[in-house]
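See below for the structure under consideration.
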Number of protein chains: 2
Amino acid sequence: MSATMEESNPPLSKKAAAKAAKKAEKTLNKQMAAAALDVEEEDPLAANYGDVSFQSLQSKEISGRKWVAVRLLDTGMKGQTVLVRGRVHTVRGTGKMAFLVVREAGCTVQCVLSVAENIVSKGMVKYVNKISKESIVDVEGIVSVPEKPIEGTSQKVEIQARKVYCISKAAAQLPLNLEDAARSERDFEKAEKDPQQGVQFVRVGQDTRLNNRVLDLRTPANQAIFRIQSQVSTLFRQFLLAEDFVELHTPKLLAGASEGGSSVFKLDYKGQPACLAQSPQLHKQMGICADFGRVFEIGPVFRAENSFTHRHLCEFTGLDFEMEIKEHYFEVLDVLEAVFVAIFDGINEKCVKHLEAINAQYPFEPLQYLRKTLRLTFAEGVKLLKEAGIIVDPMADFNTETERELGRIVKEKFKTDFYVLHRYPAAIRPFYTMPCWDDSRYSNSFDVFIRGEEIISGAQRVHDPELLTKRAIECGIEVNTLSTYIDSFRWGAVPHGGAGVGLERVVMLFCALNNIRKTSLFPRDPQRLAP
Amino acid sequence: MSATMEESNPPLSKKAAAKAAKKAEKTLNKQMAAAALDVEEEDPLAANYGDVSFQSLQSKEISGRKWVAVRLLDTGMKGQTVLVRGRVHTVRGTGKMAFLVVREAGCTVQCVLSVAENIVSKGMVKYVNKISKESIVDVEGIVSVPEKPIEGTSQKVEIQARKVYCISKAAAQLPLNLEDAARSERDFEKAEKDPQQGVQFVRVGQDTRLNNRVLDLRTPANQAIFRIQSQVSTLFRQFLLAEDFVELHTPKLLAGASEGGSSVFKLDYKGQPACLAQSPQLHKQMGICADFGRVFEIGPVFRAENSFTHRHLCEFTGLDFEMEIKEHYFEVLDVLEAVFVAIFDGINEKCVKHLEAINAQYPFEPLQYLRKTLRLTFAEGVKLLKEAGIIVDPMADFNTETERELGRIVKEKFKTDFYVLHRYPAAIRPFYTMPCWDDSRYSNSFDVFIRGEEIISGAQRVHDPELLTKRAIECGIEVNTLSTYIDSFRWGAVPHGGAGVGLERVVMLFCALNNIRKTSLFPRDPQRLAP
């Protein structure tokens, strides 16, 4: 039923679309005529292959057939007849043979068709050889275990195909080649080092990938990245729920400008000026004032910053938590460090295959982390840098390069890629950060680093409305935009603290990927708003 | 340290704020002078009560003391010395006695202070009697079990207080009284029925509640509602993760207008026209085209509709899932029904106390549902209505009243508050809905109802790009705004379907609450954008 799909990016006008719809009908008629021709060949096995009618994909019937997931195919199934649905990853063959590699969720299996009377017809092989890459097919056949192990597929068995039906045809011309998109960095390196071999690989650029993200996401590494991302959220949540945290959903639409920040997306809300929350900060603290004790949220965070770096996005997923503390912001760090060790352990344990898939394309060193997370004060960080000959302003924030440098020093000295820096100068933290009891130039705040990059920020918060007002004024913030927030602390407030993490950064740095766009499903940056 | 907090809603100007900050400092000095006076009284037990210094709340030290959660206090602790932190729920007393009810996360315990030499001083009782409601206090004392069971507190033990410290003082005047806000509907009914008793209760209006949501959320019923909400998300996720779904985070910032809809919030994205996603529909389907097989998302959904009803919000939390189907949209319904039975079972099992707390304020009948969910076709629904004398257009959508009526009929006939209506007329469903194979006037779609209100919509989707284009045009949608979405189906697409649910509606209807604003943490409607 699917018609000509040569054009991959047609922003259709109404007229053009109507034309396209007509064309689709014509093509359908042609296809039906072609099918009629096939029948004229009088292949006695004609029922075993061909395009499935669209009607039968419209919930026509429940046959009771069972499909097996490609990733579950193994040698234990030898001799069994199985039915799989997946994409045509590659197909190559001659008049008498066809090798069809079917891919499902990044896993691949080779299906073999060899002409044999009453089993596989010439017509069938011809049909299979013509199916375009990335089309969806149903293959039924018998599981066999080849003598020589197959290379290049994830599953170590083959399917001796008996029936092949096409469910949905992909356009003959794709905007990118999956094999190119999935090629290992190791292969590129080898080809570069040894140009005499004459091997030249096509490198699919980042924009091509992102413009055609749906295709790009089909590579084994990308399949793995987003399955790990899902696992990170799950581990984060499971840990916090077990620690008595409540999951909240705070509003993303705010009146005025949030956190007094300038880098917010503004919009018109039924005639009122509004903006998108650049973090759930204010409302999660209000959740604490509302007696929820310990709260967390996983949700989108919006930043209108013009940052063109490898680590900034205009929309990302925030993992945020906030909790009552009895005495000290170390209570927050205790939870935070335990959460992250649980996340790292969990990924290493549950995502072995996914980590392999990422490693195969983007080789990386496993993350090194301690059972008991290293905590250094900011001043100790400054001192470590000084000892290495790097002099920095002890009251100013580190720049990205200094952070990296400190990461290298810490890794060498303490054997960890994951550590905490706390007691930051107050001047470089948000207004709601609690000053230190003994020196108000410092604050009860912290950052957490993975592989020398900042990944988490957090602190004890000011819970006194007057001090909060004073701090906001000192930071040049329009206090009246914050009135409902500050009022929350007038009705009795517990000491509390919390932290915020970018989900995409966690995955990027755990796997040592070089760009946050690799770990955002459909990234949004200052220049990208689609797909 | 906390200063005068009489004003509860001061939208402070910079100047006024600066003034307030000065005032705060003055008050602080006064308080310190007052504290000095207290010392002059020379109470030998002076160290056992008083305002905690702000410095000691700035992470000054880790004492090693352990606080017990109020909800965990029980008769097994009799004779033990415990330390609790919570709010002053109520305090009443004389010169020699004080009864201080401490509340934490909606749970309450009575603390008794009775003047006795070397144990409790007059000064201490005086101090406690003066603490404003909703202030945060630390109480240390000995657990005792009263002979006559206490009424009006959730915990059945008392604390014989020995030390009371105030951590944070609430303003003396609160915008609403917690006891009024927590009063049972049963009490209002009683008072109305028997006006001769002369009991008159203050009813806290919805706007007062929502304007001061942080206070309103502290009632036991509200504490329970949002803990149940958290549980619903958890049960939804756990079920789907166990069924091999992947959690995705789709972008909320979209180019142009999503789903061709008119009721979207528009904004300027770095010079490009953009809007907020009114559902993750398009991107979750693209997730299916990207080989994730089964995906779900829990995230905010934005609707700019001018709906002033008990069941519409401008921002709510969507529980969405989408999955490959092999043959029939019943595969989606199988998952959906199982998810919801698991959610209902889970709430009934894990949230007994929370359900009691809600029931105490807002009495409701438990949800009735079947092990195997009832499925009726839309046509069968029309017929049931007809049999009851209600004639409706068989090709038009039911209105809210008809839905309610059908809910009543179904409940009577099939003994369930939860059922599925499927095979809706195609004309009243979105353009991406798959038409029925046998009659394109109908579609492979469904709605799910709880207590006669629609709570879930879903369907098999069109996975053919040409049919999708045709349907979009027929529905009057600017196809070029959908080009990246439609293109996703040009590269091979599996048949698929899914559903979307409003989290707030699930909780509202499970507990038979009368307004969705009760189950949204900080609701957003056409007239409300704060707090």
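Residues in the structure tokens are numbered from 1 in each chain, the chains being A, B, ... in the order shown, and ligands are numbered from 1 in the order shown.
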
Could you find all residues in region 298-396 of chain A that DSSP calls strand (DSSP E or B) from the backbone, and write them as a short mmCIF file (atom, residue, chain, number, x, y, z; two decimals) with N, CA, C and O atoms, in the first residue's frame?
```
data_model
loop_
_atom_site.label_atom_id
_atom_site.label_comp_id
_atom_site.auth_asym_id
_atom_site.auth_seq_id
_atom_site.Cartn_x
_atom_site.Cartn_y
_atom_site.Cartn_z
N ILE A 298 11.27 14.39 37.74
CA ILE A 298 11.99 14.18 36.50
C ILE A 298 11.16 14.87 35.42
O ILE A 298 10.02 14.49 35.19
N GLY A 299 11.72 15.90 34.84
CA GLY A 299 10.91 16.62 33.86
C GLY A 299 11.75 17.58 33.04
O GLY A 299 12.93 17.79 33.31
N PRO A 300 11.11 18.17 32.00
CA PRO A 300 11.85 19.05 31.11
C PRO A 300 12.22 20.37 31.78
O PRO A 300 11.49 20.87 32.64
N VAL A 301 13.33 20.90 31.37
CA VAL A 301 13.88 22.14 31.88
C VAL A 301 14.24 22.97 30.66
O VAL A 301 14.74 22.43 29.67
N PHE A 302 13.92 24.26 30.69
CA PHE A 302 14.06 25.09 29.50
C PHE A 302 15.06 26.21 29.73
O PHE A 302 14.93 26.96 30.68
N GLU A 315 16.65 22.64 25.85
CA GLU A 315 15.66 21.85 26.58
C GLU A 315 16.32 20.56 26.99
O GLU A 315 16.90 19.86 26.15
N PHE A 316 16.29 20.25 28.26
CA PHE A 316 16.83 18.96 28.68
C PHE A 316 15.99 18.39 29.81
O PHE A 316 15.02 19.00 30.25
N THR A 317 16.36 17.19 30.24
CA THR A 317 15.58 16.52 31.27
C THR A 317 16.27 16.67 32.61
O THR A 317 17.41 16.22 32.78
N GLY A 318 15.60 17.31 33.53
CA GLY A 318 16.17 17.51 34.86
C GLY A 318 15.78 16.40 35.82
O GLY A 318 14.63 15.98 35.87
N LEU A 319 16.79 15.90 36.53
CA LEU A 319 16.53 15.01 37.66
C LEU A 319 16.74 15.88 38.90
O LEU A 319 17.88 16.26 39.19
N ASP A 320 15.68 16.21 39.58
CA ASP A 320 15.78 17.13 40.70
C ASP A 320 15.28 16.48 41.98
O ASP A 320 14.31 15.72 41.95
N PHE A 321 15.93 16.77 43.07
CA PHE A 321 15.33 16.38 44.35
C PHE A 321 15.58 17.48 45.37
O PHE A 321 16.46 18.33 45.21
N GLU A 322 14.76 17.46 46.40
CA GLU A 322 14.84 18.45 47.47
C GLU A 322 14.38 17.76 48.74
O GLU A 322 13.47 16.93 48.69
N MET A 323 15.03 18.05 49.85
CA MET A 323 14.69 17.33 51.08
C MET A 323 14.88 18.20 52.31
O MET A 323 15.73 19.09 52.34
N GLU A 324 14.07 17.92 53.30
CA GLU A 324 14.25 18.51 54.61
C GLU A 324 15.61 18.05 55.13
O GLU A 324 15.99 16.90 54.93
N LEU A 374 34.47 10.87 47.15
CA LEU A 374 35.41 11.89 47.61
C LEU A 374 34.73 13.25 47.71
O LEU A 374 34.07 13.68 46.77
N ARG A 375 34.90 13.92 48.86
CA ARG A 375 34.39 15.29 49.03
C ARG A 375 35.57 16.22 49.30
O ARG A 375 36.31 16.03 50.25
N LEU A 376 35.71 17.21 48.48
CA LEU A 376 36.74 18.24 48.69
C LEU A 376 36.05 19.58 48.83
O LEU A 376 35.00 19.80 48.21
N THR A 377 36.63 20.47 49.63
CA THR A 377 36.09 21.82 49.63
C THR A 377 36.62 22.55 48.40
O THR A 377 37.65 22.16 47.82
#
```

Surrounding residues of Ile150 (chain B) excluding itself and chain neighbours under 6 positions, 10 Å, only C-alpha atoms, as number ranges by chain: B: 109-110, 156-158

Those in region 121-247 of chain B with alpha helix (DSSP H) from DSSP, as a PyMOL selection string: chain B and resi 122-130+178-181+185-193+206-211+213-216+220-242

Proximity to Pro394 (chain B) - best of B:Glu380, B:Glu504, B:Asp525, B:Asp487, only C-alpha atoms: B:Glu380

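When CA of Ser184 (chain B) is paired with CA of Pro363 (chain B), their separation reads 8.2 Å.
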
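Closest to chain B among A:Leu370, A:Val139, A:Ile455, A:Val462 is A:Val462, based on only C-alpha atoms.
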
Long-range neighbours of Ser440 (chain A) as number ranges by chain, 9 Å cut-off, only C-alpha atoms, 4 positions minimum in chain: A: 425-426, 434-436

Please dump the current selection as an mmCIF file, in the first residue's frame; keep N, CA and C atoms.
```cif
data_model
loop_
_atom_site.group_PDB
_atom_site.id
_atom_site.type_symbol
_atom_site.label_atom_id
_atom_site.label_comp_id
_atom_site.auth_asym_id
_atom_site.auth_seq_id
_atom_site.Cartn_x
_atom_site.Cartn_y
_atom_site.Cartn_z
ATOM 1 N N PRO A 425 32.330 29.718 46.985
ATOM 2 C CA PRO A 425 32.130 31.134 47.294
ATOM 3 C C PRO A 425 30.669 31.516 47.054
ATOM 4 N N ALA A 426 30.095 32.273 47.979
ATOM 5 C CA ALA A 426 28.668 32.628 47.894
ATOM 6 C C ALA A 426 28.365 33.459 46.646
ATOM 7 N N MET A 434 22.196 28.961 50.906
ATOM 8 C CA MET A 434 22.458 29.296 52.311
ATOM 9 C C MET A 434 23.929 29.639 52.512
ATOM 10 N N PRO A 435 24.210 30.822 53.112
ATOM 11 C CA PRO A 435 25.602 31.160 53.417
ATOM 12 C C PRO A 435 26.146 30.240 54.516
ATOM 13 N N CYS A 436 27.456 30.086 54.562
ATOM 14 C CA CYS A 436 28.076 29.296 55.628
ATOM 15 C C CYS A 436 27.894 30.005 56.973
#
```

d(CA of Ile428 (chain A), CA of Ala379 (chain A)) in Å: 14.0 Å

Contacts of region 55-69 of chain A at 10 Å (only C-alpha atoms; same-chain gap of 3+ positions) as a VMD selection string: (chain A and resid 1 52 72 to 73 82 to 86 103 to 105 107 138 to 140 167 to 168) or (chain B and resid 325 to 331 434 to 438 443 to 444 460 to 463 494 to 496)

Export N, CA, C and O atoms of the chosen residues as a compact mmCIF listing (two decimals), in the first residue's frame?
```txt
# COMPACT_ATOMS: atom_id res chain seq x y z
N MET A 1 0.82 -1.21 0.00
CA MET A 1 0.00 0.00 0.00
C MET A 1 0.85 1.26 0.00
O MET A 1 0.48 2.27 -0.57
N VAL A 52 2.16 -7.62 2.14
CA VAL A 52 0.94 -7.82 2.91
C VAL A 52 -0.05 -6.73 2.55
O VAL A 52 0.34 -5.57 2.36
N LEU A 72 16.15 -12.51 21.26
CA LEU A 72 15.97 -13.75 22.02
C LEU A 72 16.35 -15.00 21.22
O LEU A 72 16.34 -16.11 21.75
N LEU A 73 16.66 -14.83 19.96
CA LEU A 73 17.01 -15.99 19.12
C LEU A 73 18.36 -16.54 19.55
O LEU A 73 19.38 -15.85 19.51
N VAL A 82 10.30 -20.34 13.65
CA VAL A 82 10.05 -19.07 14.33
C VAL A 82 9.55 -18.02 13.33
O VAL A 82 9.78 -18.13 12.13
N LEU A 83 8.89 -17.02 13.89
CA LEU A 83 8.40 -15.90 13.10
C LEU A 83 8.98 -14.63 13.72
O LEU A 83 8.86 -14.43 14.92
N VAL A 84 9.68 -13.83 12.91
CA VAL A 84 10.22 -12.56 13.42
C VAL A 84 9.70 -11.40 12.57
O VAL A 84 9.38 -11.57 11.40
N ARG A 85 9.60 -10.23 13.20
CA ARG A 85 9.29 -9.02 12.45
C ARG A 85 10.43 -8.03 12.70
O ARG A 85 10.82 -7.80 13.84
N GLY A 86 10.93 -7.49 11.63
CA GLY A 86 12.02 -6.53 11.81
C GLY A 86 12.29 -5.80 10.51
O GLY A 86 11.52 -5.88 9.55
N ARG A 103 16.89 -6.74 11.28
CA ARG A 103 17.29 -6.02 12.49
C ARG A 103 16.05 -5.61 13.28
O ARG A 103 15.07 -5.11 12.71
N GLU A 104 16.11 -5.82 14.56
CA GLU A 104 15.03 -5.37 15.43
C GLU A 104 15.65 -4.77 16.69
O GLU A 104 16.41 -5.45 17.37
N ALA A 105 15.34 -3.52 16.97
CA ALA A 105 15.86 -2.85 18.17
C ALA A 105 17.39 -2.99 18.28
O ALA A 105 17.92 -3.21 19.36
N CYS A 107 19.33 -5.33 17.25
CA CYS A 107 19.84 -6.71 17.19
C CYS A 107 19.58 -7.28 15.79
O CYS A 107 18.56 -6.97 15.17
N ASP A 138 8.09 -9.57 7.75
CA ASP A 138 7.85 -10.76 8.58
C ASP A 138 8.61 -11.91 7.92
O ASP A 138 8.45 -12.14 6.73
N VAL A 139 9.42 -12.60 8.69
CA VAL A 139 10.13 -13.76 8.16
C VAL A 139 9.79 -14.97 9.03
O VAL A 139 9.91 -14.92 10.25
N GLU A 140 9.34 -16.04 8.35
CA GLU A 140 9.11 -17.28 9.07
C GLU A 140 10.11 -18.29 8.56
O GLU A 140 10.39 -18.35 7.36
N ILE A 167 5.77 -5.79 5.25
CA ILE A 167 4.72 -5.10 6.01
C ILE A 167 4.68 -3.63 5.63
O ILE A 167 3.62 -3.02 5.51
N SER A 168 5.86 -3.06 5.47
CA SER A 168 5.95 -1.62 5.16
C SER A 168 7.24 -1.36 4.41
O SER A 168 8.31 -1.75 4.87
N ILE B 325 2.37 -2.90 17.28
CA ILE B 325 1.39 -3.98 17.37
C ILE B 325 1.62 -4.93 16.20
O ILE B 325 2.04 -4.51 15.13
N LYS B 326 1.38 -6.21 16.44
CA LYS B 326 1.59 -7.18 15.38
C LYS B 326 0.37 -7.27 14.48
O LYS B 326 0.48 -7.37 13.26
N GLU B 327 -0.83 -7.26 15.09
CA GLU B 327 -2.02 -7.50 14.29
C GLU B 327 -3.21 -6.60 14.60
O GLU B 327 -3.99 -6.27 13.70
N HIS B 328 -3.39 -6.22 15.86
CA HIS B 328 -4.68 -5.67 16.24
C HIS B 328 -4.52 -4.65 17.36
O HIS B 328 -3.67 -4.81 18.23
N TYR B 329 -5.37 -3.62 17.37
CA TYR B 329 -5.30 -2.63 18.44
C TYR B 329 -5.72 -3.18 19.79
O TYR B 329 -5.49 -2.55 20.82
N PHE B 330 -6.31 -4.37 19.79
CA PHE B 330 -6.61 -5.01 21.08
C PHE B 330 -5.32 -5.29 21.86
O PHE B 330 -5.34 -5.40 23.08
N GLU B 331 -4.17 -5.40 21.13
CA GLU B 331 -2.89 -5.58 21.84
C GLU B 331 -2.60 -4.37 22.73
O GLU B 331 -2.06 -4.51 23.82
N MET B 434 -6.11 5.20 12.81
CA MET B 434 -6.27 4.20 11.74
C MET B 434 -7.76 3.90 11.52
O MET B 434 -8.48 3.54 12.45
N PRO B 435 -8.22 4.01 10.25
CA PRO B 435 -9.61 3.63 9.97
C PRO B 435 -9.81 2.12 10.12
O PRO B 435 -8.85 1.35 10.00
N CYS B 436 -11.03 1.69 10.36
CA CYS B 436 -11.33 0.27 10.45
C CYS B 436 -11.16 -0.38 9.08
O CYS B 436 -11.41 0.26 8.05
N TRP B 437 -10.75 -1.63 9.05
CA TRP B 437 -10.50 -2.31 7.78
C TRP B 437 -11.77 -2.52 6.97
O TRP B 437 -11.74 -2.52 5.75
N ASP B 438 -12.88 -2.66 7.68
CA ASP B 438 -14.11 -3.05 6.99
C ASP B 438 -15.05 -1.87 6.72
O ASP B 438 -16.01 -2.00 5.98
N SER B 443 -13.19 3.81 13.22
CA SER B 443 -11.74 3.82 13.41
C SER B 443 -11.33 2.84 14.51
O SER B 443 -12.13 2.47 15.38
N ASN B 444 -10.04 2.44 14.45
CA ASN B 444 -9.49 1.51 15.44
C ASN B 444 -9.09 2.28 16.72
O ASN B 444 -7.94 2.29 17.11
N GLN B 460 -5.08 2.63 17.30
CA GLN B 460 -4.05 2.27 16.34
C GLN B 460 -3.82 3.51 15.49
O GLN B 460 -4.76 4.27 15.21
N ARG B 461 -2.55 3.75 15.08
CA ARG B 461 -2.23 4.94 14.29
C ARG B 461 -2.02 4.56 12.83
O ARG B 461 -1.63 3.43 12.53
N VAL B 462 -2.17 5.51 11.97
CA VAL B 462 -1.85 5.30 10.56
C VAL B 462 -0.33 5.27 10.43
O VAL B 462 0.34 6.21 10.85
N HIS B 463 0.23 4.19 9.87
CA HIS B 463 1.69 4.14 9.72
C HIS B 463 2.12 4.28 8.27
O HIS B 463 3.30 4.15 7.95
N VAL B 494 6.47 0.20 11.47
CA VAL B 494 5.66 -0.92 11.96
C VAL B 494 4.26 -0.42 12.33
O VAL B 494 4.10 0.72 12.76
N PRO B 495 3.27 -1.29 12.18
CA PRO B 495 1.94 -0.95 12.73
C PRO B 495 2.09 -0.70 14.24
O PRO B 495 2.87 -1.38 14.91
N HIS B 496 1.38 0.29 14.75
CA HIS B 496 1.53 0.62 16.16
C HIS B 496 0.31 1.36 16.68
O HIS B 496 -0.52 1.83 15.91
```

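Closest to chain B among A:Gly50, A:Pro220, A:Pro366, A:Gly93 is A:Pro220, based on only C-alpha atoms.
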
Selection: 9 Å around Cys289 (chain B), only C-alpha atoms, excl. self and same-chain fewer than 3 positions, as a PyMOL selection string: (chain A and resi 214-215+218) or (chain B and resi 284-286+292-293+488-489+491-494)

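With distances restricted to only C-alpha atoms, A:Pro175 is the closest residue to chain B from A:Gly141, A:Gly500, A:Gly389, A:Pro175.
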
Excluding Gly205 (chain B) and its own-chain neighbours fewer than 5 positions away, which residues fall within 10 Å of it when counting only C-alpha atoms? Please give them as a PDB file with all heavy atoms, in the first residue's frame.
```pdb
ATOM      1  N   LEU B 176      -5.149  31.265  55.714  1.00  0.00           N
ATOM      2  CA  LEU B 176      -6.250  30.317  55.940  1.00  0.00           C
ATOM      3  C   LEU B 176      -5.916  29.467  57.155  1.00  0.00           C
ATOM      4  O   LEU B 176      -4.756  29.295  57.522  1.00  0.00           O
ATOM      5  CB  LEU B 176      -6.528  29.457  54.699  1.00  0.00           C
ATOM      6  CG  LEU B 176      -5.432  28.569  54.109  1.00  0.00           C
ATOM      7  CD1 LEU B 176      -5.328  27.237  54.850  1.00  0.00           C
ATOM      8  CD2 LEU B 176      -5.762  28.290  52.649  1.00  0.00           C
ATOM      9  N   ALA B 181      -9.496  24.253  56.608  1.00  0.00           N
ATOM     10  CA  ALA B 181      -9.178  23.688  55.291  1.00  0.00           C
ATOM     11  C   ALA B 181      -9.271  22.169  55.292  1.00  0.00           C
ATOM     12  O   ALA B 181      -9.469  21.559  54.245  1.00  0.00           O
ATOM     13  CB  ALA B 181      -7.782  24.120  54.861  1.00  0.00           C
ATOM     14  N   LEU B 210      -6.157  27.896  46.598  1.00  0.00           N
ATOM     15  CA  LEU B 210      -5.154  27.852  45.526  1.00  0.00           C
ATOM     16  C   LEU B 210      -4.202  29.050  45.586  1.00  0.00           C
ATOM     17  O   LEU B 210      -3.029  28.923  45.245  1.00  0.00           O
ATOM     18  CB  LEU B 210      -5.833  27.750  44.155  1.00  0.00           C
ATOM     19  CG  LEU B 210      -6.647  26.463  43.932  1.00  0.00           C
ATOM     20  CD1 LEU B 210      -7.249  26.456  42.532  1.00  0.00           C
ATOM     21  CD2 LEU B 210      -5.804  25.210  44.151  1.00  0.00           C
TER      22      LEU B 210
END
```

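What separates CA of Phe236 (chain A) from CA of Pro251 (chain A) is a distance of 21.0 Å.
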
Selection near Asp393 (chain B), 12 Å with only C-alpha atoms, sequence-local residues under 5 positions removed, as number ranges by chain: B: 378-379, 381-383, 385-386, 398-399, 402, 425

N, CA, C and O atoms of the current selection, written as a short mmCIF file (atom, residue, chain, number, x, y, z; two decimals), in the first residue's frame:
```
data_model
loop_
_atom_site.label_atom_id
_atom_site.label_comp_id
_atom_site.auth_asym_id
_atom_site.auth_seq_id
_atom_site.Cartn_x
_atom_site.Cartn_y
_atom_site.Cartn_z
N PHE B 378 -18.50 1.42 20.38
CA PHE B 378 -19.24 2.67 20.43
C PHE B 378 -20.71 2.42 20.06
O PHE B 378 -21.62 2.93 20.72
N ALA B 379 -20.92 1.57 19.03
CA ALA B 379 -22.28 1.26 18.59
C ALA B 379 -23.07 0.58 19.70
O ALA B 379 -24.27 0.85 19.90
N GLY B 381 -22.56 1.08 22.81
CA GLY B 381 -22.86 2.16 23.76
C GLY B 381 -24.11 2.92 23.34
O GLY B 381 -25.00 3.20 24.15
N VAL B 382 -24.17 3.23 22.03
CA VAL B 382 -25.33 3.93 21.49
C VAL B 382 -26.61 3.12 21.74
O VAL B 382 -27.65 3.67 22.14
N LYS B 383 -26.48 1.81 21.57
CA LYS B 383 -27.63 0.93 21.75
C LYS B 383 -28.10 0.89 23.22
O LYS B 383 -29.29 0.95 23.51
N LEU B 385 -27.72 3.18 25.37
CA LEU B 385 -28.39 4.46 25.65
C LEU B 385 -29.81 4.45 25.11
O LEU B 385 -30.76 4.87 25.78
N LYS B 386 -29.94 3.92 23.89
CA LYS B 386 -31.26 3.87 23.25
C LYS B 386 -32.24 3.04 24.09
O LYS B 386 -33.39 3.43 24.29
N PHE B 398 -20.22 11.64 22.22
CA PHE B 398 -21.13 11.84 23.34
C PHE B 398 -20.75 13.15 24.03
O PHE B 398 -19.58 13.50 24.11
N ASN B 399 -21.72 13.83 24.58
CA ASN B 399 -21.37 14.96 25.43
C ASN B 399 -21.16 14.45 26.87
O ASN B 399 -21.42 13.28 27.16
N THR B 402 -24.12 12.68 28.47
CA THR B 402 -24.40 11.36 27.90
C THR B 402 -23.37 10.35 28.40
O THR B 402 -23.72 9.20 28.71
N PRO B 425 -16.54 6.47 15.68
CA PRO B 425 -16.63 7.05 14.34
C PRO B 425 -15.33 7.78 14.00
O PRO B 425 -14.78 8.48 14.86
#
```

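With distances restricted to only C-alpha atoms, A:Phe418 is the closest residue to Tyr369 (chain A) from A:Phe344, A:Phe418, A:Tyr485, A:Phe265.
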
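Candidate residues B:Asp439, B:Ile225, B:Phe446, B:Val137 were compared for distance to Leu421 (chain B), and the nearest is B:Phe446, using only C-alpha atoms.
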